>>> print(open('coords-v1.txt').read())   # compact mmCIF, C-alpha atoms
# COMPACT_ATOMS: atom_id res chain seq x y z
CA MET Z 1 49.93 -130.33 4.74
CA ASP Z 2 50.52 -133.84 6.15
CA PRO Z 3 51.34 -135.92 3.00
CA SER Z 4 50.08 -139.11 4.66
CA ARG Z 5 46.51 -137.80 4.79
CA THR Z 6 44.10 -138.98 2.11
CA ARG Z 7 41.22 -136.65 2.99
CA PRO Z 8 40.96 -132.98 4.00
CA ALA Z 9 41.45 -132.32 7.68
CA THR Z 10 38.34 -131.63 9.73
CA ILE Z 11 37.80 -129.54 12.82
CA ALA Z 12 37.71 -132.79 14.81
CA ASP Z 13 41.18 -133.68 13.46
CA VAL Z 14 42.47 -130.31 14.60
CA ALA Z 15 40.96 -130.81 18.06
CA ALA Z 16 42.50 -134.29 18.39
CA ARG Z 17 45.95 -133.13 17.32
CA ALA Z 18 45.86 -130.09 19.62
CA GLY Z 19 44.52 -132.10 22.55
CA VAL Z 20 41.51 -129.84 23.02
CA SER Z 21 37.76 -130.07 22.45
CA VAL Z 22 36.00 -129.24 19.19
CA PRO Z 23 34.25 -126.23 20.83
CA THR Z 24 37.67 -124.88 21.82
CA VAL Z 25 38.81 -125.06 18.19
CA SER Z 26 35.59 -123.34 17.17
CA ARG Z 27 36.19 -120.54 19.68
CA VAL Z 28 39.68 -120.01 18.31
CA LEU Z 29 38.34 -119.83 14.75
CA THR Z 30 35.40 -117.53 15.52
CA GLY Z 31 36.93 -115.40 18.23
CA ALA Z 32 33.53 -115.64 19.94
CA ALA Z 33 35.00 -116.33 23.40
CA LYS Z 34 38.35 -116.14 25.18
CA VAL Z 35 40.76 -119.09 24.91
CA SER Z 36 43.95 -119.44 26.96
CA PRO Z 37 47.16 -118.56 25.10
CA ALA Z 38 48.47 -122.13 25.45
CA LYS Z 39 45.36 -123.67 23.92
CA ARG Z 40 45.25 -121.09 21.15
CA GLU Z 41 48.87 -121.82 20.23
CA ALA Z 42 48.17 -125.57 20.22
CA VAL Z 43 45.15 -125.13 17.96
CA GLU Z 44 46.98 -122.84 15.55
CA ALA Z 45 49.92 -125.28 15.41
CA ALA Z 46 47.53 -128.15 14.64
CA ILE Z 47 45.79 -126.11 11.94
CA ALA Z 48 49.15 -125.36 10.33
CA ALA Z 49 50.35 -128.97 10.54
CA LEU Z 50 47.15 -130.41 9.09
CA GLY Z 51 46.65 -127.74 6.45
CA PHE Z 52 43.19 -126.99 7.80
CA ARG Z 53 42.66 -123.61 6.18
CA PRO Z 54 39.17 -122.96 4.85
CA SER Z 55 38.96 -119.40 3.64
CA ALA Z 56 36.85 -118.13 6.53
CA ALA Z 57 39.15 -119.66 9.12
CA ALA Z 58 42.20 -118.27 7.35
CA ARG Z 59 40.79 -114.75 7.57
CA VAL Z 60 40.13 -115.20 11.25
CA LEU Z 61 43.66 -116.46 11.97
CA ALA Z 62 45.19 -113.65 9.94
CA SER Z 63 43.23 -110.87 11.61
CA ARG Z 64 42.46 -112.39 15.00
CA LYS Z 65 38.93 -111.06 14.38
CA ALA Z 66 35.88 -112.92 13.08
CA GLN Z 67 34.46 -111.04 10.11
CA VAL Z 68 30.86 -112.26 9.94
CA ILE Z 69 27.80 -110.73 11.61
CA ALA Z 70 24.79 -113.03 11.51
CA VAL Z 71 21.25 -111.69 11.22
CA ILE Z 72 18.43 -114.02 12.26
CA ALA Z 73 14.95 -112.96 11.16
CA GLY Z 74 11.52 -114.49 10.88
CA ASP Z 75 10.92 -112.67 7.59
CA THR Z 76 12.88 -110.49 5.19
CA SER Z 77 10.12 -109.38 2.82
CA GLN Z 78 8.19 -107.06 5.15
CA TYR Z 79 9.14 -103.39 5.01
CA GLY Z 80 10.31 -103.08 8.62
CA TYR Z 81 12.41 -106.24 8.46
CA ALA Z 82 14.06 -105.29 5.18
CA GLU Z 83 14.89 -101.76 6.33
CA THR Z 84 16.32 -102.97 9.64
CA ILE Z 85 18.56 -105.45 7.81
CA ARG Z 86 19.66 -102.67 5.46
CA GLY Z 87 20.73 -100.56 8.43
CA ILE Z 88 22.67 -103.47 9.94
CA GLU Z 89 24.37 -104.29 6.64
CA GLU Z 90 25.41 -100.71 5.89
CA ALA Z 91 26.84 -100.18 9.37
CA ALA Z 92 28.59 -103.58 9.34
CA ARG Z 93 30.14 -102.95 5.93
CA ALA Z 94 31.54 -99.64 7.18
CA GLU Z 95 33.34 -101.61 9.91
CA ASP Z 96 34.65 -104.27 7.47
CA TYR Z 97 32.21 -106.98 8.52
CA THR Z 98 30.23 -109.28 6.25
CA VAL Z 99 26.56 -109.92 7.01
CA MET Z 100 24.90 -113.31 6.61
CA ILE Z 101 21.11 -113.68 6.91
CA THR Z 102 19.31 -116.73 8.27
CA VAL Z 103 15.51 -116.87 7.99
CA VAL Z 104 13.58 -118.75 10.68
CA GLU Z 105 10.24 -119.71 9.18
CA SER Z 106 8.47 -121.07 12.28
CA THR Z 107 8.83 -121.79 15.99
CA ASP Z 108 9.14 -125.53 15.35
CA ASP Z 109 12.10 -126.94 17.32
CA ASP Z 110 13.61 -128.64 14.26
CA GLU Z 111 13.34 -125.43 12.24
CA ILE Z 112 14.99 -123.40 15.01
CA ASP Z 113 17.77 -126.00 15.36
CA ARG Z 114 18.38 -125.94 11.60
CA ALA Z 115 18.59 -122.17 11.53
CA ILE Z 116 20.92 -121.96 14.52
CA ALA Z 117 23.17 -124.74 13.14
CA ALA Z 118 23.42 -122.95 9.79
CA THR Z 119 24.31 -119.73 11.55
CA LEU Z 120 26.93 -121.28 13.81
CA SER Z 121 28.66 -122.92 10.83
CA GLN Z 122 30.23 -119.53 10.06
CA PRO Z 123 33.11 -117.81 11.91
CA LEU Z 124 30.84 -115.38 13.72
CA ALA Z 125 31.75 -112.18 15.47
CA GLY Z 126 28.20 -111.83 16.79
CA VAL Z 127 24.50 -112.13 16.07
CA CYS Z 128 21.68 -109.64 15.52
CA VAL Z 129 18.19 -111.09 16.09
CA LEU Z 130 15.10 -109.34 14.73
CA LYS Z 131 12.69 -109.99 17.59
CA PHE Z 132 9.61 -108.86 15.66
CA ASP Z 133 7.73 -112.17 15.65
CA PRO Z 134 7.50 -115.56 17.44
CA PRO Z 135 10.21 -117.25 15.29
CA GLY Z 136 12.64 -114.44 16.10
CA VAL Z 137 11.84 -114.68 19.81
CA ALA Z 138 12.32 -118.46 19.78
CA ALA Z 139 15.65 -118.25 17.94
CA LEU Z 140 16.97 -115.56 20.28
CA HIS Z 141 16.84 -117.84 23.29
CA ARG Z 142 18.59 -120.72 21.52
CA ILE Z 143 21.81 -118.88 20.66
CA PRO Z 144 24.83 -120.07 22.69
CA SER Z 145 25.67 -117.71 25.55
CA SER Z 146 29.29 -117.60 24.37
CA LEU Z 147 28.31 -115.48 21.35
CA PRO Z 148 27.79 -111.71 21.50
CA VAL Z 149 24.16 -111.08 20.62
CA VAL Z 150 21.82 -108.11 20.33
CA ALA Z 151 18.04 -108.11 19.91
CA LEU Z 152 16.19 -105.54 17.80
CA SER Z 153 12.47 -104.97 18.34
CA GLY Z 154 9.69 -102.66 19.46
CA VAL Z 155 9.39 -104.00 23.01
CA ARG Z 156 12.14 -104.04 25.64
CA GLU Z 157 12.94 -107.35 27.32
CA PRO Z 158 14.95 -107.16 30.56
CA GLY Z 159 18.39 -108.74 30.60
CA LEU Z 160 19.11 -108.40 26.90
CA ARG Z 161 21.49 -106.17 25.00
CA GLN Z 162 18.84 -104.54 22.88
CA ALA Z 163 17.94 -101.72 20.48
CA VAL Z 164 14.27 -100.82 20.27
CA LEU Z 165 11.81 -98.48 18.65
CA ASP Z 166 9.45 -97.34 21.42
CA GLU Z 167 6.31 -98.28 19.53
CA SER Z 168 4.19 -98.36 22.70
CA ARG Z 169 4.59 -94.62 23.34
CA ALA Z 170 4.18 -93.88 19.63
CA ALA Z 171 0.95 -95.90 19.43
CA GLU Z 172 -0.33 -94.10 22.51
CA GLU Z 173 0.41 -90.74 20.87
CA LEU Z 174 -1.31 -91.76 17.63
CA THR Z 175 -4.42 -93.00 19.46
CA ALA Z 176 -4.51 -89.81 21.54
CA HIS Z 177 -4.35 -87.80 18.30
CA LEU Z 178 -7.49 -89.54 17.03
CA LEU Z 179 -9.27 -88.97 20.33
CA ASP Z 180 -8.23 -85.30 20.25
CA LEU Z 181 -9.92 -85.00 16.87
CA GLY Z 182 -13.19 -85.87 18.61
CA HIS Z 183 -13.56 -89.60 17.98
CA ALA Z 184 -15.25 -91.32 20.92
CA THR Z 185 -13.08 -94.40 20.64
CA VAL Z 186 -10.71 -96.07 18.18
CA PRO Z 187 -10.88 -99.72 17.10
CA HIS Z 188 -7.49 -101.37 16.49
CA VAL Z 189 -6.59 -103.71 13.64
CA ARG Z 190 -3.67 -105.73 15.01
CA VAL Z 191 -0.84 -107.26 12.99
CA PRO Z 192 0.51 -110.64 14.25
CA PRO Z 193 2.25 -110.01 17.60
CA SER Z 194 5.62 -111.45 18.60
CA ARG Z 195 4.15 -112.47 21.94
CA ARG Z 196 0.76 -112.15 23.60
CA GLU Z 197 0.70 -108.40 22.99
CA ASP Z 198 3.14 -106.04 21.29
CA GLY Z 199 3.84 -102.38 22.00
CA ARG Z 200 1.47 -101.01 19.39
CA THR Z 201 -1.48 -102.71 21.01
CA THR Z 202 -0.30 -101.84 24.53
CA GLY Z 203 0.04 -98.15 23.67
CA TRP Z 204 -3.37 -98.08 21.98
CA ARG Z 205 -5.04 -99.69 24.98
CA ARG Z 206 -3.27 -97.36 27.44
CA ALA Z 207 -4.37 -94.23 25.54
CA LEU Z 208 -8.03 -95.31 25.56
CA LYS Z 209 -8.01 -96.19 29.26
CA ARG Z 210 -6.36 -92.90 30.21
CA ARG Z 211 -9.15 -91.01 28.41
CA GLY Z 212 -11.88 -93.21 29.85
CA ALA Z 213 -12.83 -94.36 26.34
CA VAL Z 214 -14.33 -97.74 25.54
CA VAL Z 215 -11.70 -100.32 24.53
CA PRO Z 216 -13.20 -102.10 21.48
CA PRO Z 217 -12.46 -105.75 20.67
CA LEU Z 218 -9.32 -106.30 18.59
CA SER Z 219 -9.52 -107.12 14.89
CA ASP Z 220 -6.67 -109.46 13.91
CA ALA Z 221 -5.11 -109.15 10.45
CA THR Z 222 -2.41 -111.30 8.89
CA TRP Z 223 0.75 -109.88 7.32
CA ASP Z 224 -1.07 -109.94 3.96
CA PRO Z 225 -2.45 -106.43 3.24
CA ARG Z 226 -5.47 -108.03 1.59
CA SER Z 227 -6.58 -109.29 5.00
CA GLY Z 228 -7.42 -105.68 5.82
CA ILE Z 229 -10.04 -105.46 3.07
CA GLU Z 230 -12.60 -107.70 4.78
CA ILE Z 231 -11.90 -106.03 8.11
CA GLY Z 232 -12.53 -102.65 6.47
CA ARG Z 233 -15.85 -103.90 5.08
CA ARG Z 234 -16.88 -105.15 8.50
CA LEU Z 235 -15.96 -101.89 10.22
CA ALA Z 236 -17.90 -99.94 7.59
CA GLU Z 237 -21.07 -101.79 8.62
CA ASP Z 238 -20.82 -100.43 12.18
CA PRO Z 239 -22.09 -96.83 12.31
CA SER Z 240 -20.35 -96.27 15.66
CA VAL Z 241 -16.93 -96.64 14.02
CA THR Z 242 -15.49 -93.25 13.08
CA ALA Z 243 -11.73 -93.93 13.32
CA VAL Z 244 -9.44 -96.96 13.03
CA PHE Z 245 -5.81 -97.51 14.05
CA CYS Z 246 -4.08 -100.19 11.97
CA GLY Z 247 -0.94 -102.05 13.06
CA ASN Z 248 0.97 -101.15 9.90
CA ASP Z 249 0.50 -99.09 6.76
CA GLU Z 250 -0.02 -102.03 4.41
CA ILE Z 251 -2.94 -103.28 6.51
CA ALA Z 252 -4.26 -99.71 6.67
CA MET Z 253 -4.25 -99.62 2.87
CA GLY Z 254 -6.33 -102.79 2.81
CA VAL Z 255 -8.74 -101.37 5.39
CA VAL Z 256 -9.16 -98.19 3.32
CA ARG Z 257 -9.92 -100.36 0.29
CA GLY Z 258 -12.57 -102.28 2.23
CA ILE Z 259 -14.18 -99.09 3.56
CA THR Z 260 -14.33 -97.39 0.16
CA ALA Z 261 -15.60 -100.57 -1.49
CA SER Z 262 -18.51 -100.37 0.97
CA GLY Z 263 -19.46 -96.93 -0.35
CA LEU Z 264 -17.92 -94.85 2.44
CA ARG Z 265 -15.14 -92.29 2.27
CA VAL Z 266 -11.89 -91.84 4.18
CA PRO Z 267 -11.67 -89.67 6.24
CA ASP Z 268 -15.15 -88.18 5.73
CA ASP Z 269 -16.94 -91.20 7.19
CA ILE Z 270 -14.08 -93.11 8.86
CA SER Z 271 -10.56 -91.91 9.66
CA VAL Z 272 -7.81 -94.49 9.13
CA ALA Z 273 -4.28 -94.37 10.60
CA GLY Z 274 -1.41 -96.75 9.96
CA PHE Z 275 2.03 -97.33 11.47
CA ASP Z 276 5.64 -97.47 10.14
CA ASP Z 277 5.50 -94.75 7.42
CA HIS Z 278 5.88 -97.15 4.52
CA PRO Z 279 7.27 -95.42 1.38
CA LEU Z 280 3.82 -95.72 -0.24
CA ALA Z 281 1.96 -94.23 2.74
CA ALA Z 282 2.37 -90.64 1.51
CA LEU Z 283 1.34 -91.67 -2.02
CA TRP Z 284 -1.80 -93.55 -1.00
CA SER Z 285 -5.23 -91.98 -1.51
CA PRO Z 286 -5.76 -90.37 0.85
CA PRO Z 287 -2.19 -90.05 2.19
CA LEU Z 288 -1.98 -92.00 5.44
CA THR Z 289 -1.57 -90.58 8.90
CA THR Z 290 1.03 -92.88 10.42
CA VAL Z 291 4.08 -93.20 12.66
CA ASP Z 292 7.55 -92.87 11.16
CA GLN Z 293 9.70 -95.71 12.47
CA ASP Z 294 13.39 -95.42 11.57
CA PHE Z 295 14.03 -99.11 10.96
CA ALA Z 296 17.36 -98.53 9.25
CA GLY Z 297 18.43 -96.46 12.25
CA LEU Z 298 17.32 -99.31 14.50
CA GLY Z 299 19.64 -101.62 12.57
CA ARG Z 300 22.55 -99.21 12.88
CA ARG Z 301 21.98 -98.71 16.61
CA GLY Z 302 21.72 -102.45 17.17
CA LEU Z 303 24.91 -103.13 15.24
CA GLN Z 304 26.80 -100.55 17.33
CA LEU Z 305 25.62 -102.21 20.56
CA LEU Z 306 26.82 -105.53 19.19
CA LEU Z 307 30.22 -104.12 18.23
CA ASN Z 308 30.54 -102.70 21.73
CA GLU Z 309 30.00 -106.16 23.18
CA ILE Z 310 32.42 -107.74 20.70
CA ALA Z 311 35.01 -105.21 21.84
CA GLY Z 312 34.44 -106.23 25.45
CA GLU Z 313 32.81 -102.99 26.56
CA THR Z 314 30.56 -103.41 29.60
CA GLY Z 315 28.75 -100.08 29.42
CA ARG Z 316 25.63 -99.27 27.45
CA ARG Z 317 23.40 -102.27 26.74
CA PHE Z 318 20.19 -100.56 25.62
CA SER Z 319 19.22 -98.03 22.96
CA SER Z 320 15.72 -96.65 22.47
CA GLU Z 321 14.24 -94.19 20.01
CA ARG Z 322 10.70 -92.82 19.92
CA PRO Z 323 9.05 -92.91 16.48
CA GLN Z 324 7.47 -89.71 15.15
CA LEU Z 325 3.76 -89.12 14.51
CA ILE Z 326 3.08 -88.08 10.90
CA VAL Z 327 -0.34 -86.47 10.38
CA ARG Z 328 -1.69 -86.65 6.83
CA GLU Z 329 -5.07 -86.55 5.10
CA SER Z 330 -6.53 -89.92 6.12
CA THR Z 331 -7.62 -88.65 9.54
CA ALA Z 332 -10.03 -85.85 10.40
CA PRO Z 333 -12.66 -84.93 13.01
CA PRO Z 334 -15.80 -87.08 12.85
CA ARG Z 335 -18.76 -85.63 11.00
CA PRO Z 336 -21.87 -84.90 13.08
CA THR Z 337 -23.85 -87.13 10.70
CA ALA Z 338 -21.45 -90.08 10.99
CA SER Z 339 -23.89 -92.07 13.14
CA VAL Z 340 -26.57 -92.02 10.42
CA ARG Z 341 -24.40 -92.64 7.40
CA ARG Z 342 -25.60 -94.97 4.67
CA ILE Z 343 -23.69 -97.81 3.07
CA GLY Z 344 -24.43 -98.43 -0.55
>>> encode(input="coords-v1.txt", output="structure tokens")
Amino acid sequence: MDPSRTRPATIADVAARAGVSVPTVSRVLTGAAKVSPAKREAVEAAIAALGFRPSAAARVLASRKAQVIAVIAGDTSQYGYAETIRGIEEAARAEDYTVMITVVESTDDDEIDRAIAATLSQPLAGVCVLKFDPPGVAALHRIPSSLPVVALSGVREPGLRQAVLDESRAAEELTAHLLDLGHATVPHVRVPPSRREDGRTTGWRRALKRRGAVVPPLSDATWDPRSGIEIGRRLAEDPSVTAVFCGNDEIAMGVVRGITASGLRVPDDISVAGFDDHPLAALWSPPLTTVDQDFAGLGRRGLQLLLNEIAGETGRRFSSERPQLIVRESTAPPRPTASVRRIG
């Protein structure tokens, strides 16, 4: 280390000594983009001369490979988010990568900038973005194009390297199942969409239109399962409602609670279906008909697409998997007397 220095060297010092820009130094440290051999040698010589060796940078220089995979998510507490991150982390660990998680709490520009800056402060190999909600969507489009990135969601967006769960087709299959049981139509309790409309709602609407069934108005829930209770009470007051499709299992549990609190029974009076196959769905009373989404598998598939890009492969950019319908005891054919049921 230069004995004349009185403070630790910074990345700007390295850039000045090497005669390159700060972004060039960053690219050498992260390995996120190609740098000419001459510039790389100049940067490495400057790093050695100045003693600029933070631990992360030292690992990069030793291996010529950035070791950190960033995950950007709008939430980490919801079941689908947590399972997807688990899949990413397990697959990354098997390939000797470390995973860092950055939570984006809103679509506010300052919040997005803070999250992206925190993410880019690490020597990144690439970024996985959970595009399940508006904050994830906003963050995705603010990541520098020089970084390998993959999006993980339930709806395909053209032009992206992306792994998806085909929730639109799965929602269509679930809605068709309820119609096949004899229900005239199926109201939908929607969870907050990432954009104007997500695949679950699109598939539900498509199934009803294909059968010539009435498309009821949407009921919007929050991510809080308790928001389903009041919706369940309201649906119980409408004698024409014989089946309900909920955007996730937690909301379905709330809807069941609201229906039973109104004096009705599931599925005798109203069938209720969820989505995701939450670990508690099979233990609920009655056990929920739902759709099994392999979120951990989504994370693993997304991480493999990202590793392919990091390795410079130009082939496969998209991976899709269709979730599986799971029929349990919360759905049944409507009773002939459903239209004259009493609430008490």
>>> atom_distance(input="coords-v1.txt", atom1="CA of Gly302 (chain Z)", atom2="CA of Val127 (chain Z)")
10.1 Å
>>> atom_distance(input="coords-v1.txt", atom1="CA of Pro287 (chain Z)", atom2="CA of Glu329 (chain Z)")
5.4 Å
>>> closest_residue(input="coords-v1.txt", among="Z:Ile251, Z:Leu235, Z:Ile116, Z:Leu179", to="Val214 (chain Z)", atoms="all atoms listed in the file")
Z:Leu179
>>> residues_around(input="coords-v1.txt", residues="Ser77 (chain Z)", least_positions_apart="6", cutoff="12 Å", atoms="all atoms listed in the file", output="list of chain:residue names")
Z:Glu83, Z:Thr84, Z:Ile85, Z:Arg86, Z:Val103, Z:Trp223, Z:Asp224
>>> closest_residue(input="coords-v1.txt", among="Z:Val129, Z:Val71, Z:Ala9, Z:Val99", to="Ala151 (chain Z)", atoms="all atoms listed in the file")
Z:Val129
>>> closest_residue(input="coords-v1.txt", among="Z:Leu303, Z:Thr314, Z:Pro37, Z:Ser330", to="Met253 (chain Z)", atoms="all atoms listed in the file")
Z:Ser330
>>> closest_residue(input="coords-v1.txt", among="Z:Ala15, Z:Val104, Z:Val266, Z:Ala170", to="Leu50 (chain Z)", atoms="all atoms listed in the file")
Z:Ala15
>>> decode(input="coords-v1.txt", residues="region 33-43 of chain Z", atoms="all heavy atoms", output="PDB file, in the first residue's frame")
ATOM      1  N   ALA Z  33     -19.560  -6.936 -17.121  1.00  0.00           N
ATOM      2  CA  ALA Z  33     -19.466  -6.647 -18.550  1.00  0.00           C
ATOM      3  C   ALA Z  33     -18.011  -6.767 -18.966  1.00  0.00           C
ATOM      4  O   ALA Z  33     -17.097  -6.704 -18.141  1.00  0.00           O
ATOM      5  CB  ALA Z  33     -20.004  -5.243 -18.840  1.00  0.00           C
ATOM      6  N   LYS Z  34     -17.793  -6.941 -20.275  1.00  0.00           N
ATOM      7  CA  LYS Z  34     -16.439  -7.132 -20.782  1.00  0.00           C
ATOM      8  C   LYS Z  34     -15.640  -5.831 -20.717  1.00  0.00           C
ATOM      9  O   LYS Z  34     -16.155  -4.753 -20.976  1.00  0.00           O
ATOM     10  CB  LYS Z  34     -16.490  -7.652 -22.211  1.00  0.00           C
ATOM     11  CG  LYS Z  34     -17.051  -9.064 -22.328  1.00  0.00           C
ATOM     12  CD  LYS Z  34     -17.015  -9.546 -23.765  1.00  0.00           C
ATOM     13  CE  LYS Z  34     -17.542 -10.982 -23.856  1.00  0.00           C
ATOM     14  NZ  LYS Z  34     -17.535 -11.482 -25.243  1.00  0.00           N
ATOM     15  N   VAL Z  35     -14.356  -5.966 -20.371  1.00  0.00           N
ATOM     16  CA  VAL Z  35     -13.414  -4.844 -20.339  1.00  0.00           C
ATOM     17  C   VAL Z  35     -12.189  -5.280 -21.136  1.00  0.00           C
ATOM     18  O   VAL Z  35     -11.765  -6.440 -21.058  1.00  0.00           O
ATOM     19  CB  VAL Z  35     -13.024  -4.481 -18.891  1.00  0.00           C
ATOM     20  CG1 VAL Z  35     -11.980  -3.369 -18.877  1.00  0.00           C
ATOM     21  CG2 VAL Z  35     -14.256  -4.069 -18.102  1.00  0.00           C
ATOM     22  N   SER Z  36     -11.606  -4.364 -21.915  1.00  0.00           N
ATOM     23  CA  SER Z  36     -10.441  -4.728 -22.725  1.00  0.00           C
ATOM     24  C   SER Z  36      -9.300  -5.197 -21.833  1.00  0.00           C
ATOM     25  O   SER Z  36      -9.166  -4.746 -20.688  1.00  0.00           O
ATOM     26  CB  SER Z  36      -9.991  -3.529 -23.559  1.00  0.00           C
ATOM     27  OG  SER Z  36      -9.431  -2.530 -22.730  1.00  0.00           O
ATOM     28  N   PRO Z  37      -8.469  -6.106 -22.329  1.00  0.00           N
ATOM     29  CA  PRO Z  37      -7.349  -6.597 -21.523  1.00  0.00           C
ATOM     30  C   PRO Z  37      -6.451  -5.474 -21.020  1.00  0.00           C
ATOM     31  O   PRO Z  37      -5.980  -5.519 -19.872  1.00  0.00           O
ATOM     32  CB  PRO Z  37      -6.603  -7.523 -22.495  1.00  0.00           C
ATOM     33  CG  PRO Z  37      -7.656  -7.985 -23.452  1.00  0.00           C
ATOM     34  CD  PRO Z  37      -8.571  -6.824 -23.634  1.00  0.00           C
ATOM     35  N   ALA Z  38      -6.192  -4.454 -21.833  1.00  0.00           N
ATOM     36  CA  ALA Z  38      -5.312  -3.364 -21.412  1.00  0.00           C
ATOM     37  C   ALA Z  38      -5.905  -2.599 -20.241  1.00  0.00           C
ATOM     38  O   ALA Z  38      -5.199  -2.285 -19.265  1.00  0.00           O
ATOM     39  CB  ALA Z  38      -5.062  -2.422 -22.594  1.00  0.00           C
ATOM     40  N   LYS Z  39      -7.185  -2.302 -20.314  1.00  0.00           N
ATOM     41  CA  LYS Z  39      -7.831  -1.576 -19.212  1.00  0.00           C
ATOM     42  C   LYS Z  39      -7.900  -2.435 -17.962  1.00  0.00           C
ATOM     43  O   LYS Z  39      -7.709  -1.943 -16.848  1.00  0.00           O
ATOM     44  CB  LYS Z  39      -9.222  -1.106 -19.636  1.00  0.00           C
ATOM     45  CG  LYS Z  39      -9.207   0.027 -20.640  1.00  0.00           C
ATOM     46  CD  LYS Z  39     -10.607   0.516 -20.954  1.00  0.00           C
ATOM     47  CE  LYS Z  39     -10.577   1.700 -21.915  1.00  0.00           C
ATOM     48  NZ  LYS Z  39     -11.934   2.187 -22.232  1.00  0.00           N
ATOM     49  N   ARG Z  40      -8.198  -3.713 -18.131  1.00  0.00           N
ATOM     50  CA  ARG Z  40      -8.235  -4.594 -16.955  1.00  0.00           C
ATOM     51  C   ARG Z  40      -6.871  -4.632 -16.262  1.00  0.00           C
ATOM     52  O   ARG Z  40      -6.786  -4.551 -15.033  1.00  0.00           O
ATOM     53  CB  ARG Z  40      -8.659  -6.003 -17.372  1.00  0.00           C
ATOM     54  CG  ARG Z  40      -8.690  -6.999 -16.203  1.00  0.00           C
ATOM     55  CD  ARG Z  40      -9.153  -8.365 -16.658  1.00  0.00           C
ATOM     56  NE  ARG Z  40     -10.552  -8.339 -17.062  1.00  0.00           N
ATOM     57  CZ  ARG Z  40     -11.570  -8.389 -16.213  1.00  0.00           C
ATOM     58  NH1 ARG Z  40     -11.344  -8.449 -14.903  1.00  0.00           N
ATOM     59  NH2 ARG Z  40     -12.798  -8.377 -16.649  1.00  0.00           N
ATOM     60  N   GLU Z  41      -5.808  -4.764 -17.033  1.00  0.00           N
ATOM     61  CA  GLU Z  41      -4.472  -4.797 -16.444  1.00  0.00           C
ATOM     62  C   GLU Z  41      -4.154  -3.491 -15.726  1.00  0.00           C
ATOM     63  O   GLU Z  41      -3.557  -3.492 -14.639  1.00  0.00           O
ATOM     64  CB  GLU Z  41      -3.441  -5.067 -17.538  1.00  0.00           C
ATOM     65  CG  GLU Z  41      -3.487  -6.485 -18.094  1.00  0.00           C
ATOM     66  CD  GLU Z  41      -2.506  -6.686 -19.242  1.00  0.00           C
ATOM     67  OE1 GLU Z  41      -1.711  -5.747 -19.495  1.00  0.00           O
ATOM     68  OE2 GLU Z  41      -2.536  -7.754 -19.871  1.00  0.00           O
ATOM     69  N   ALA Z  42      -4.558  -2.362 -16.307  1.00  0.00           N
ATOM     70  CA  ALA Z  42      -4.312  -1.069 -15.670  1.00  0.00           C
ATOM     71  C   ALA Z  42      -5.066  -0.949 -14.352  1.00  0.00           C
ATOM     72  O   ALA Z  42      -4.534  -0.453 -13.352  1.00  0.00           O
ATOM     73  CB  ALA Z  42      -4.713   0.063 -16.619  1.00  0.00           C
ATOM     74  N   VAL Z  43      -6.313  -1.401 -14.344  1.00  0.00           N
ATOM     75  CA  VAL Z  43      -7.110  -1.341 -13.121  1.00  0.00           C
ATOM     76  C   VAL Z  43      -6.525  -2.247 -12.052  1.00  0.00           C
ATOM     77  O   VAL Z  43      -6.391  -1.859 -10.878  1.00  0.00           O
ATOM     78  CB  VAL Z  43      -8.573  -1.724 -13.422  1.00  0.00           C
ATOM     79  CG1 VAL Z  43      -9.349  -1.921 -12.110  1.00  0.00           C
ATOM     80  CG2 VAL Z  43      -9.240  -0.658 -14.273  1.00  0.00           C
TER      81      VAL Z  43
END
